[in-house]
Structures are given as structure tokens and as C-alpha cells.
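Reproduced below: upload_22.csv, with CSV, N, CA and C atoms.
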```csv
chain,number,residue,atom,x,y,z
A,1122,MET,N,13.4,-22.7,-40.3
A,1122,MET,CA,13.7,-23.3,-39.0
A,1122,MET,C,14.0,-24.8,-39.2
A,1123,THR,N,13.2,-25.4,-40.1
A,1123,THR,CA,13.4,-26.9,-40.4
A,1123,THR,C,14.8,-27.1,-41.0
A,1124,GLY,N,15.3,-26.1,-41.7
A,1124,GLY,CA,16.6,-26.3,-42.3
A,1124,GLY,C,17.7,-26.3,-41.3
A,1125,VAL,N,17.5,-25.6,-40.2
A,1125,VAL,CA,18.5,-25.6,-39.1
A,1125,VAL,C,18.5,-27.0,-38.4
A,1126,TRP,N,17.3,-27.5,-38.2
A,1126,TRP,CA,17.1,-28.8,-37.6
A,1126,TRP,C,17.7,-29.9,-38.4
A,1127,ARG,N,17.5,-29.8,-39.7
A,1127,ARG,CA,18.1,-30.9,-40.6
A,1127,ARG,C,19.6,-30.8,-40.6
A,1128,LEU,N,20.1,-29.6,-40.6
A,1128,LEU,CA,21.6,-29.4,-40.6
A,1128,LEU,C,22.1,-29.9,-39.3
A,1129,SER,N,21.5,-29.6,-38.2
A,1129,SER,CA,21.9,-30.1,-36.9
A,1129,SER,C,21.9,-31.6,-36.8
A,1130,LEU,N,20.9,-32.2,-37.3
A,1130,LEU,CA,20.7,-33.6,-37.3
A,1130,LEU,C,21.8,-34.3,-38.2
A,1131,ALA,N,22.1,-33.7,-39.3
A,1131,ALA,CA,23.2,-34.2,-40.2
A,1131,ALA,C,24.5,-34.1,-39.5
A,1132,VAL,N,24.8,-33.0,-38.9
A,1132,VAL,CA,26.1,-32.8,-38.2
A,1132,VAL,C,26.2,-33.8,-37.0
A,1133,GLY,N,25.1,-34.0,-36.3
A,1133,GLY,CA,25.1,-34.9,-35.2
A,1133,GLY,C,25.3,-36.3,-35.6
A,1134,ILE,N,24.7,-36.7,-36.7
A,1134,ILE,CA,24.9,-38.1,-37.2
A,1134,ILE,C,26.4,-38.2,-37.7
A,1135,LEU,N,26.9,-37.2,-38.3
A,1135,LEU,CA,28.3,-37.3,-38.8
A,1135,LEU,C,29.3,-37.4,-37.7
A,1136,ILE,N,29.1,-36.6,-36.6
A,1136,ILE,CA,29.9,-36.7,-35.5
A,1136,ILE,C,29.8,-38.0,-34.8
A,1137,GLY,N,28.6,-38.5,-34.6
A,1137,GLY,CA,28.3,-39.8,-34.0
A,1137,GLY,C,29.0,-41.0,-34.7
A,1138,LEU,N,29.0,-40.9,-36.1
A,1138,LEU,CA,29.5,-42.0,-36.8
A,1138,LEU,C,31.1,-42.0,-36.9
A,1139,THR,N,31.6,-40.8,-36.8
A,1139,THR,CA,33.1,-40.7,-36.9
A,1139,THR,C,33.8,-40.6,-35.5
A,1140,GLY,N,33.0,-40.4,-34.4
A,1140,GLY,CA,33.6,-40.3,-33.1
A,1140,GLY,C,34.2,-41.6,-32.6
A,1141,GLY,N,33.6,-42.7,-33.0
A,1141,GLY,CA,34.2,-44.0,-32.5
A,1141,GLY,C,35.5,-44.3,-33.2
A,1142,ALA,N,35.8,-43.7,-34.4
A,1142,ALA,CA,37.0,-44.0,-35.0
A,1142,ALA,C,38.2,-43.5,-34.2
A,1143,GLY,N,38.1,-42.4,-33.5
A,1143,GLY,CA,39.2,-41.9,-32.7
A,1143,GLY,C,39.4,-42.8,-31.5
A,1144,TRP,N,38.4,-43.4,-31.0
A,1144,TRP,CA,38.5,-44.2,-29.8
A,1144,TRP,C,39.1,-45.6,-30.2
A,1145,ALA,N,38.9,-46.0,-31.5
A,1145,ALA,CA,39.3,-47.3,-31.9
A,1145,ALA,C,40.9,-47.4,-32.0
A,1146,GLU,N,41.5,-46.2,-32.1
A,1146,GLU,CA,43.0,-46.2,-32.2
A,1146,GLU,C,43.6,-46.4,-30.8
A,1147,GLU,N,42.9,-46.2,-29.8
A,1147,GLU,CA,43.4,-46.3,-28.4
A,1147,GLU,C,43.5,-47.8,-28.0
A,1148,PRO,N,44.6,-48.3,-27.6
A,1148,PRO,CA,44.7,-49.7,-27.2
A,1148,PRO,C,43.8,-50.0,-26.0
A,1149,PRO,N,43.3,-51.2,-25.9
A,1149,PRO,CA,42.5,-51.5,-24.7
A,1149,PRO,C,43.3,-51.5,-23.5
A,1150,ARG,N,42.6,-51.1,-22.4
A,1150,ARG,CA,43.3,-50.9,-21.1
A,1150,ARG,C,43.3,-52.3,-20.4
A,1151,THR,N,44.4,-52.6,-19.8
A,1151,THR,CA,44.6,-53.8,-19.0
A,1151,THR,C,43.9,-53.6,-17.7
A,1152,PRO,N,43.6,-54.7,-16.9
A,1152,PRO,CA,43.0,-54.5,-15.6
A,1152,PRO,C,43.9,-53.7,-14.6
A,1153,THR,N,45.2,-53.8,-14.8
A,1153,THR,CA,46.0,-53.0,-13.9
A,1153,THR,C,46.0,-51.5,-14.2
A,1154,GLU,N,45.6,-51.1,-15.4
A,1154,GLU,CA,45.5,-49.7,-15.7
A,1154,GLU,C,44.1,-49.1,-15.2
A,1155,VAL,N,43.2,-49.9,-14.9
A,1155,VAL,CA,41.9,-49.5,-14.4
A,1155,VAL,C,41.9,-49.3,-12.9
A,1156,GLY,N,41.3,-48.3,-12.4
A,1156,GLY,CA,41.3,-48.1,-10.9
A,1156,GLY,C,42.0,-46.9,-10.6
A,1157,GLN,N,43.1,-47.0,-9.8
A,1157,GLN,CA,43.8,-45.9,-9.3
A,1157,GLN,C,44.6,-45.2,-10.3
A,1158,THR,N,45.0,-45.9,-11.4
A,1158,THR,CA,45.7,-45.2,-12.5
A,1158,THR,C,44.7,-44.6,-13.5
A,1159,ASP,N,43.5,-44.5,-13.1
A,1159,ASP,CA,42.5,-43.9,-14.0
A,1159,ASP,C,42.9,-42.5,-14.4
A,1160,ARG,N,42.4,-42.0,-15.5
A,1160,ARG,CA,42.7,-40.7,-16.0
A,1160,ARG,C,42.3,-39.6,-15.1
A,1161,CYS,N,41.2,-39.8,-14.3
A,1161,CYS,CA,40.7,-38.8,-13.4
A,1161,CYS,C,40.4,-39.4,-12.1
A,1162,PRO,N,41.5,-39.5,-11.2
A,1162,PRO,CA,41.3,-40.2,-10.0
A,1162,PRO,C,40.4,-39.4,-9.0
A,1163,ALA,N,40.2,-38.1,-9.2
A,1163,ALA,CA,39.3,-37.4,-8.3
A,1163,ALA,C,37.9,-37.8,-8.6
A,1164,VAL,N,37.5,-38.1,-9.8
A,1164,VAL,CA,36.2,-38.6,-10.1
A,1164,VAL,C,36.0,-40.0,-9.6
A,1165,ALA,N,37.0,-40.8,-9.6
A,1165,ALA,CA,36.9,-42.2,-9.0
A,1165,ALA,C,36.7,-42.1,-7.5
A,1166,LYS,N,37.4,-41.1,-6.9
A,1166,LYS,CA,37.2,-40.9,-5.5
A,1166,LYS,C,35.8,-40.4,-5.2
A,1167,LEU,N,35.2,-39.5,-6.0
A,1167,LEU,CA,33.8,-39.1,-5.9
A,1167,LEU,C,32.9,-40.3,-6.0
A,1168,GLY,N,33.1,-41.1,-7.0
A,1168,GLY,CA,32.3,-42.3,-7.2
A,1168,GLY,C,32.3,-43.3,-6.0
A,1169,ARG,N,33.5,-43.5,-5.5
A,1169,ARG,CA,33.7,-44.3,-4.3
A,1169,ARG,C,32.9,-43.7,-3.1
A,1170,GLY,N,33.0,-42.4,-2.9
A,1170,GLY,CA,32.3,-41.7,-1.8
A,1170,GLY,C,30.8,-41.9,-2.0
A,1171,LEU,N,30.3,-41.6,-3.1
A,1171,LEU,CA,28.9,-41.7,-3.3
A,1171,LEU,C,28.4,-43.1,-3.1
A,1172,SER,N,29.1,-44.1,-3.6
A,1172,SER,CA,28.7,-45.5,-3.4
A,1172,SER,C,28.8,-45.9,-2.0
A,1173,ASN,N,29.7,-45.4,-1.2
A,1173,ASN,CA,29.8,-45.7,0.2
A,1173,ASN,C,28.6,-45.0,0.9
A,1174,VAL,N,28.3,-43.8,0.5
A,1174,VAL,CA,27.1,-43.2,1.2
A,1174,VAL,C,25.8,-43.9,0.9
A,1175,LEU,N,25.6,-44.3,-0.4
A,1175,LEU,CA,24.4,-44.9,-0.7
A,1175,LEU,C,24.3,-46.4,-0.3
A,1176,CYS,N,25.4,-47.1,-0.3
A,1176,CYS,CA,25.4,-48.5,0.0
A,1176,CYS,C,26.0,-48.9,1.3
A,1177,GLY,N,26.2,-47.9,2.2
A,1177,GLY,CA,26.9,-48.2,3.5
A,1177,GLY,C,26.0,-49.2,4.3
A,1178,TRP,N,24.7,-49.1,4.2
A,1178,TRP,CA,23.8,-50.0,4.9
A,1178,TRP,C,24.0,-51.4,4.5
A,1179,LEU,N,24.6,-51.7,3.4
A,1179,LEU,CA,24.8,-53.1,2.9
A,1179,LEU,C,25.8,-53.8,3.8
A,1180,GLU,N,26.5,-53.1,4.6
A,1180,GLU,CA,27.4,-53.8,5.6
A,1180,GLU,C,26.7,-54.7,6.5
A,1181,ILE,N,25.4,-54.4,6.8
A,1181,ILE,CA,24.7,-55.2,7.8
A,1181,ILE,C,24.5,-56.6,7.2
A,1182,PRO,N,23.8,-56.8,6.0
A,1182,PRO,CA,23.7,-58.2,5.6
A,1182,PRO,C,25.0,-58.9,5.2
A,1183,SER,N,26.0,-58.0,4.7
A,1183,SER,CA,27.3,-58.6,4.4
A,1183,SER,C,28.0,-59.1,5.6
A,1184,THR,N,27.9,-58.4,6.7
A,1184,THR,CA,28.6,-58.9,8.0
A,1184,THR,C,27.8,-60.1,8.5
A,1185,MET,N,26.5,-60.1,8.4
A,1185,MET,CA,25.8,-61.3,8.8
A,1185,MET,C,26.2,-62.5,8.1
A,1186,GLU,N,26.4,-62.4,6.8
A,1186,GLU,CA,26.8,-63.5,6.0
A,1186,GLU,C,28.2,-64.0,6.4
A,1187,GLN,N,29.1,-63.0,6.5
A,1187,GLN,CA,30.5,-63.4,6.9
A,1187,GLN,C,30.5,-64.0,8.3
A,1188,GLN,N,29.7,-63.5,9.3
A,1188,GLN,CA,29.7,-64.1,10.6
A,1188,GLN,C,29.1,-65.5,10.5
A,1189,TYR,N,28.1,-65.7,9.7
A,1189,TYR,CA,27.4,-67.0,9.5
A,1189,TYR,C,28.4,-68.0,9.0
A,1190,ARG,N,29.3,-67.6,8.1
A,1190,ARG,CA,30.3,-68.6,7.6
A,1190,ARG,C,31.3,-69.0,8.6
A,1191,THR,N,31.6,-68.1,9.5
A,1191,THR,CA,32.8,-68.4,10.4
A,1191,THR,C,32.3,-68.8,11.8
A,1192,SER,N,31.1,-68.6,12.2
A,1192,SER,CA,30.7,-69.0,13.6
A,1192,SER,C,29.3,-69.6,13.5
A,1193,ASP,N,28.8,-69.9,14.7
A,1193,ASP,CA,27.5,-70.6,14.7
A,1193,ASP,C,26.3,-69.7,14.4
A,1194,THR,N,25.2,-70.2,14.3
A,1194,THR,CA,24.0,-69.4,13.9
A,1194,THR,C,23.6,-68.4,14.9
A,1195,ALA,N,23.6,-68.8,16.2
A,1195,ALA,CA,23.1,-67.9,17.2
A,1195,ALA,C,24.0,-66.6,17.3
A,1196,THR,N,25.3,-66.8,17.2
A,1196,THR,CA,26.2,-65.7,17.3
A,1196,THR,C,26.0,-64.8,16.0
A,1197,SER,N,25.8,-65.4,14.9
A,1197,SER,CA,25.7,-64.6,13.7
A,1197,SER,C,24.4,-63.8,13.7
A,1198,MET,N,23.3,-64.4,14.2
A,1198,MET,CA,22.0,-63.7,14.2
A,1198,MET,C,21.9,-62.7,15.3
A,1199,LEU,N,22.6,-62.8,16.4
A,1199,LEU,CA,22.5,-61.9,17.5
A,1199,LEU,C,23.5,-60.7,17.4
A,1200,ALA,N,24.8,-61.1,17.2
A,1200,ALA,CA,25.8,-60.0,17.2
A,1200,ALA,C,26.1,-59.4,15.9
A,1201,SER,N,25.9,-60.1,14.8
A,1201,SER,CA,26.3,-59.5,13.5
A,1201,SER,C,25.5,-58.3,13.0
A,1202,PRO,N,24.2,-58.2,13.4
A,1202,PRO,CA,23.5,-57.0,13.0
A,1202,PRO,C,24.1,-55.7,13.6
A,1203,PHE,N,24.5,-55.8,14.9
A,1203,PHE,CA,25.1,-54.7,15.5
A,1203,PHE,C,26.5,-54.4,15.0
A,1204,ILE,N,27.3,-55.4,14.7
A,1204,ILE,CA,28.6,-55.2,14.1
A,1204,ILE,C,28.5,-54.6,12.7
A,1205,GLY,N,27.5,-55.1,11.9
A,1205,GLY,CA,27.2,-54.6,10.6
A,1205,GLY,C,26.7,-53.1,10.6
A,1206,LEU,N,25.9,-52.8,11.7
A,1206,LEU,CA,25.5,-51.4,11.8
A,1206,LEU,C,26.6,-50.5,12.1
A,1207,LEU,N,27.6,-50.9,12.9
A,1207,LEU,CA,28.7,-50.0,13.2
A,1207,LEU,C,29.6,-49.9,11.9
A,1208,LYS,N,29.8,-51.0,11.2
A,1208,LYS,CA,30.6,-51.0,10.0
A,1208,LYS,C,29.9,-50.1,8.9
A,1209,GLY,N,28.5,-50.2,8.9
A,1209,GLY,CA,27.8,-49.3,7.9
A,1209,GLY,C,27.9,-47.9,8.2
A,1210,ILE,N,27.8,-47.5,9.5
A,1210,ILE,CA,28.0,-46.1,9.9
A,1210,ILE,C,29.4,-45.6,9.6
A,1211,GLY,N,30.4,-46.5,9.8
A,1211,GLY,CA,31.7,-46.1,9.4
A,1211,GLY,C,31.9,-45.9,7.9
A,1212,ARG,N,31.3,-46.9,7.1
A,1212,ARG,CA,31.5,-46.8,5.7
A,1212,ARG,C,30.7,-45.5,5.2
A,1213,THR,N,29.6,-45.2,5.7
A,1213,THR,CA,28.8,-44.0,5.3
A,1213,THR,C,29.6,-42.8,5.7
A,1214,ALA,N,30.2,-42.7,6.9
A,1214,ALA,CA,31.0,-41.5,7.2
A,1214,ALA,C,32.2,-41.4,6.3
A,1215,VAL,N,32.9,-42.5,6.0
A,1215,VAL,CA,34.0,-42.4,5.0
A,1215,VAL,C,33.5,-41.9,3.7
A,1216,GLY,N,32.3,-42.4,3.3
A,1216,GLY,CA,31.7,-42.0,2.0
A,1216,GLY,C,31.5,-40.5,2.0
A,1217,VAL,N,30.9,-39.9,3.1
A,1217,VAL,CA,30.7,-38.5,3.1
A,1217,VAL,C,32.0,-37.8,3.1
A,1218,TYR,N,33.1,-38.2,3.8
A,1218,TYR,CA,34.4,-37.6,3.7
A,1218,TYR,C,34.9,-37.6,2.3
A,1219,GLU,N,34.9,-38.8,1.6
A,1219,GLU,CA,35.4,-38.9,0.3
A,1219,GLU,C,34.6,-38.0,-0.7
A,1220,THR,N,33.3,-37.9,-0.5
A,1220,THR,CA,32.5,-37.1,-1.4
A,1220,THR,C,32.8,-35.6,-1.3
A,1221,VAL,N,32.9,-35.2,0.0
A,1221,VAL,CA,33.2,-33.8,0.2
A,1221,VAL,C,34.6,-33.4,-0.2
A,1222,THR,N,35.6,-34.3,0.0
A,1222,THR,CA,37.0,-33.9,-0.3
A,1222,THR,C,37.5,-34.6,-1.6
A,1223,PHE,N,36.6,-34.8,-2.6
A,1223,PHE,CA,37.1,-35.6,-3.8
A,1223,PHE,C,38.1,-34.8,-4.6
A,1224,VAL,N,38.2,-33.5,-4.5
A,1224,VAL,CA,39.1,-32.8,-5.3
A,1224,VAL,C,40.5,-32.7,-4.6
A,1225,VAL,N,40.6,-33.1,-3.3
A,1225,VAL,CA,41.8,-33.0,-2.6
A,1225,VAL,C,42.5,-34.3,-2.6
A,1226,PRO,N,43.8,-34.4,-3.0
A,1226,PRO,CA,44.4,-35.7,-3.1
A,1226,PRO,C,44.9,-36.3,-1.8
A,1227,ILE,N,44.0,-36.4,-0.9
A,1227,ILE,CA,44.3,-37.0,0.4
A,1227,ILE,C,43.4,-38.2,0.6
A,1228,PRO,N,43.9,-39.3,0.9
A,1228,PRO,CA,45.2,-39.8,1.1
A,1228,PRO,C,46.0,-39.7,-0.3
A,1229,ALA,N,47.3,-40.0,-0.2
A,1229,ALA,CA,48.1,-39.8,-1.4
A,1229,ALA,C,47.6,-40.5,-2.6
A,1230,ASN,N,47.6,-39.8,-3.7
A,1230,ASN,CA,47.2,-40.4,-5.0
A,1230,ASN,C,45.7,-40.8,-5.0
A,1231,TYR,N,44.9,-40.2,-4.2
A,1231,TYR,CA,43.5,-40.5,-4.1
A,1231,TYR,C,43.2,-42.0,-3.8
A,1232,GLU,N,44.0,-42.6,-3.0
A,1232,GLU,CA,43.8,-44.0,-2.7
A,1232,GLU,C,42.6,-44.2,-1.8
A,1233,PRO,N,41.9,-45.3,-1.9
A,1233,PRO,CA,40.7,-45.5,-1.1
A,1233,PRO,C,41.0,-45.7,0.4
A,1234,ILE,N,40.2,-45.2,1.2
A,1234,ILE,CA,40.4,-45.4,2.7
A,1234,ILE,C,39.9,-46.8,3.1
A,1235,LEU,N,38.8,-47.2,2.6
A,1235,LEU,CA,38.2,-48.6,2.9
A,1235,LEU,C,38.3,-49.5,1.6
A,1236,PRO,N,38.4,-50.8,1.8
A,1236,PRO,CA,38.3,-51.6,0.7
A,1236,PRO,C,36.9,-51.6,0.1
A,1237,PRO,N,36.8,-51.9,-1.2
A,1237,PRO,CA,35.4,-51.9,-1.8
A,1237,PRO,C,34.5,-52.9,-1.1
A,1238,LEU,N,33.2,-52.5,-1.1
A,1238,LEU,CA,32.2,-53.4,-0.4
A,1238,LEU,C,32.1,-54.7,-1.2
A,1239,GLU,N,32.3,-55.8,-0.5
A,1239,GLU,CA,32.3,-57.1,-1.2
A,1239,GLU,C,30.9,-57.6,-1.5
A,1240,TYR,N,29.9,-56.9,-1.2
A,1240,TYR,CA,28.5,-57.3,-1.4
A,1240,TYR,C,28.2,-57.6,-2.9
A,1241,PHE,N,28.8,-56.8,-3.7
A,1241,PHE,CA,28.5,-56.9,-5.2
A,1241,PHE,C,29.5,-57.8,-5.9
A,1242,THR,N,30.5,-58.4,-5.3
A,1242,THR,CA,31.3,-59.4,-5.9
A,1242,THR,C,30.7,-60.7,-6.0
A,1243,PRO,N,30.7,-61.4,-7.1
A,1243,PRO,CA,30.1,-62.7,-7.2
A,1243,PRO,C,30.8,-63.7,-6.2
A,1244,VAL,N,29.9,-64.5,-5.6
A,1244,VAL,CA,30.4,-65.6,-4.7
A,1244,VAL,C,30.2,-66.9,-5.4
A,1245,LYS,N,31.3,-67.7,-5.4
A,1245,LYS,CA,31.2,-69.0,-6.0
A,1245,LYS,C,30.9,-70.0,-5.0
A,1246,HIS,N,29.7,-70.5,-5.1
A,1246,HIS,CA,29.2,-71.5,-4.1
A,1246,HIS,C,29.6,-72.9,-4.6
A,1247,ASP,N,29.9,-73.7,-3.6
A,1247,ASP,CA,30.3,-75.1,-3.9
A,1247,ASP,C,29.2,-75.9,-3.3
A,1248,TYR,N,28.2,-76.3,-4.1
A,1248,TYR,CA,27.1,-77.1,-3.6
A,1248,TYR,C,27.4,-78.6,-3.9
A,1249,ARG,N,27.8,-79.3,-2.9
A,1249,ARG,CA,28.1,-80.7,-3.0
A,1249,ARG,C,27.1,-81.4,-2.0
A,1250,TYR,N,26.4,-82.3,-2.5
A,1250,TYR,CA,25.4,-83.0,-1.7
A,1250,TYR,C,25.8,-84.5,-1.6
```
Reformat the file's structure so that it appears as C-alpha cells.
Amino acid sequence: MTGVWRLSLAVGILIGLTGGAGWAEEPPRTPTEVGQTDRCPAVAKLGRGLSNVLCGWLEIPSTMEQQYRTSDTATSMLASPFIGLLKGIGRTAVGVYETVTFVVPIPANYEPILPPLEYFTPVKHDYRY
């Protein structure tokens, strides 16, 4: 039995050490090649759907921040939670739709229905005092 384990370990190490050599021959992908031109757009659609389902509620703080930047404090604190709640419900519903229909190429070429959630993009703050 130990001979089988040693052989399996040796084969696994051999495959692990030589597997990267095949990937090294592939040229690096440019940013335009990443995204909708991905090799498996159905899986990208599934990932978008799951992230929209799990992170749809982040529309509430995101909308509050956007409203705070564009309007006064009272409006952003009173109206933006309700606007964010509606956007979150919409994003979650779209996420459920994209998750359930990830194998169907609708819309054309598996394009996203909503833009990605901007909550995770870094914001460059300009602190000048």
C-alpha cells in the first residue's frame, strides 16, 4: 500500500513541476482580452450572477456615498437608503436571473445586464487642506 502512495506522490510532484511549462508558452493576456472575450463566457456570467446575488445589498452604502457627493447631507441620509434598497433589489433579481440562465447566451454573447458594482473599485481621494 505504501508503494502505491509513493508512486502517486512521485507522479503528482512530476505533474505539478511540469504543468507550469505548458502555461509558460501562452502569451500574457491583455486587459482587452479579459472579460467578455474570456474562454468560457458562461462561467463569467455565472460569476457575475453570484456576485450580484451575494453583494446586491452593497448598493445601499454605494448609493448613499454617491448621493452624498452630489447633494446635501439631509437628502443623502433620508432618500438614498430607499434608492439604494431599490437598486439592491434590482441587482439581486438580475443576479438570480444571470445565475439561473448562465448557460443560455442571452443577452447576446453573454454580455452583462448591469454594470459591475463600483463598491469594490478603488476611489482616489484628493485630500487637500
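Across A:Ile1134, A:Leu1128, A:Thr1123, A:Leu1235, the tightest approach to Gly1177 in chain A is made by A:Leu1235 when counting only C-alpha atoms.
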**Message:** I'd like the interatomic distance between atom C of Val1164 in chain A and CA of Lys1208 in chain A, to a tenth of an Å.
**Reply:**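 Interatomic distance here is 23.1 Å.
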**Request:** In Å, rounded to a single decimal, give me how far CA of Ser1192 in chain A is from atom C of Val1215 in chain A.
**Result:** 29.0 Å
**Request:** With a distance cut-off of 8 Å and all atoms listed in the file, select the neighbouring residues of Pro1233 in chain A, excluding the residue or stretch itself and same-chain residues fewer than 5 positions from it, and output the selection as number ranges by chain.
**Result:** A: 1157, 1166, 1169, 1227-1228
**Request:** Grab the CA of Leu1206 in chain A to CA of Gly1168 in chain A distance for me, in Å with one decimal place.
**Result:**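 One can read the CA of Leu1206 in chain A to CA of Gly1168 in chain A distance as 22.1 Å.
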**Asked** Using only N, CA and C atoms, which of the listed residues (A:Gly1216, A:Ala1131, A:Glu1239, A:Ile1210) sits closest to Ser1172 in chain A?
**Response** A:Gly1216
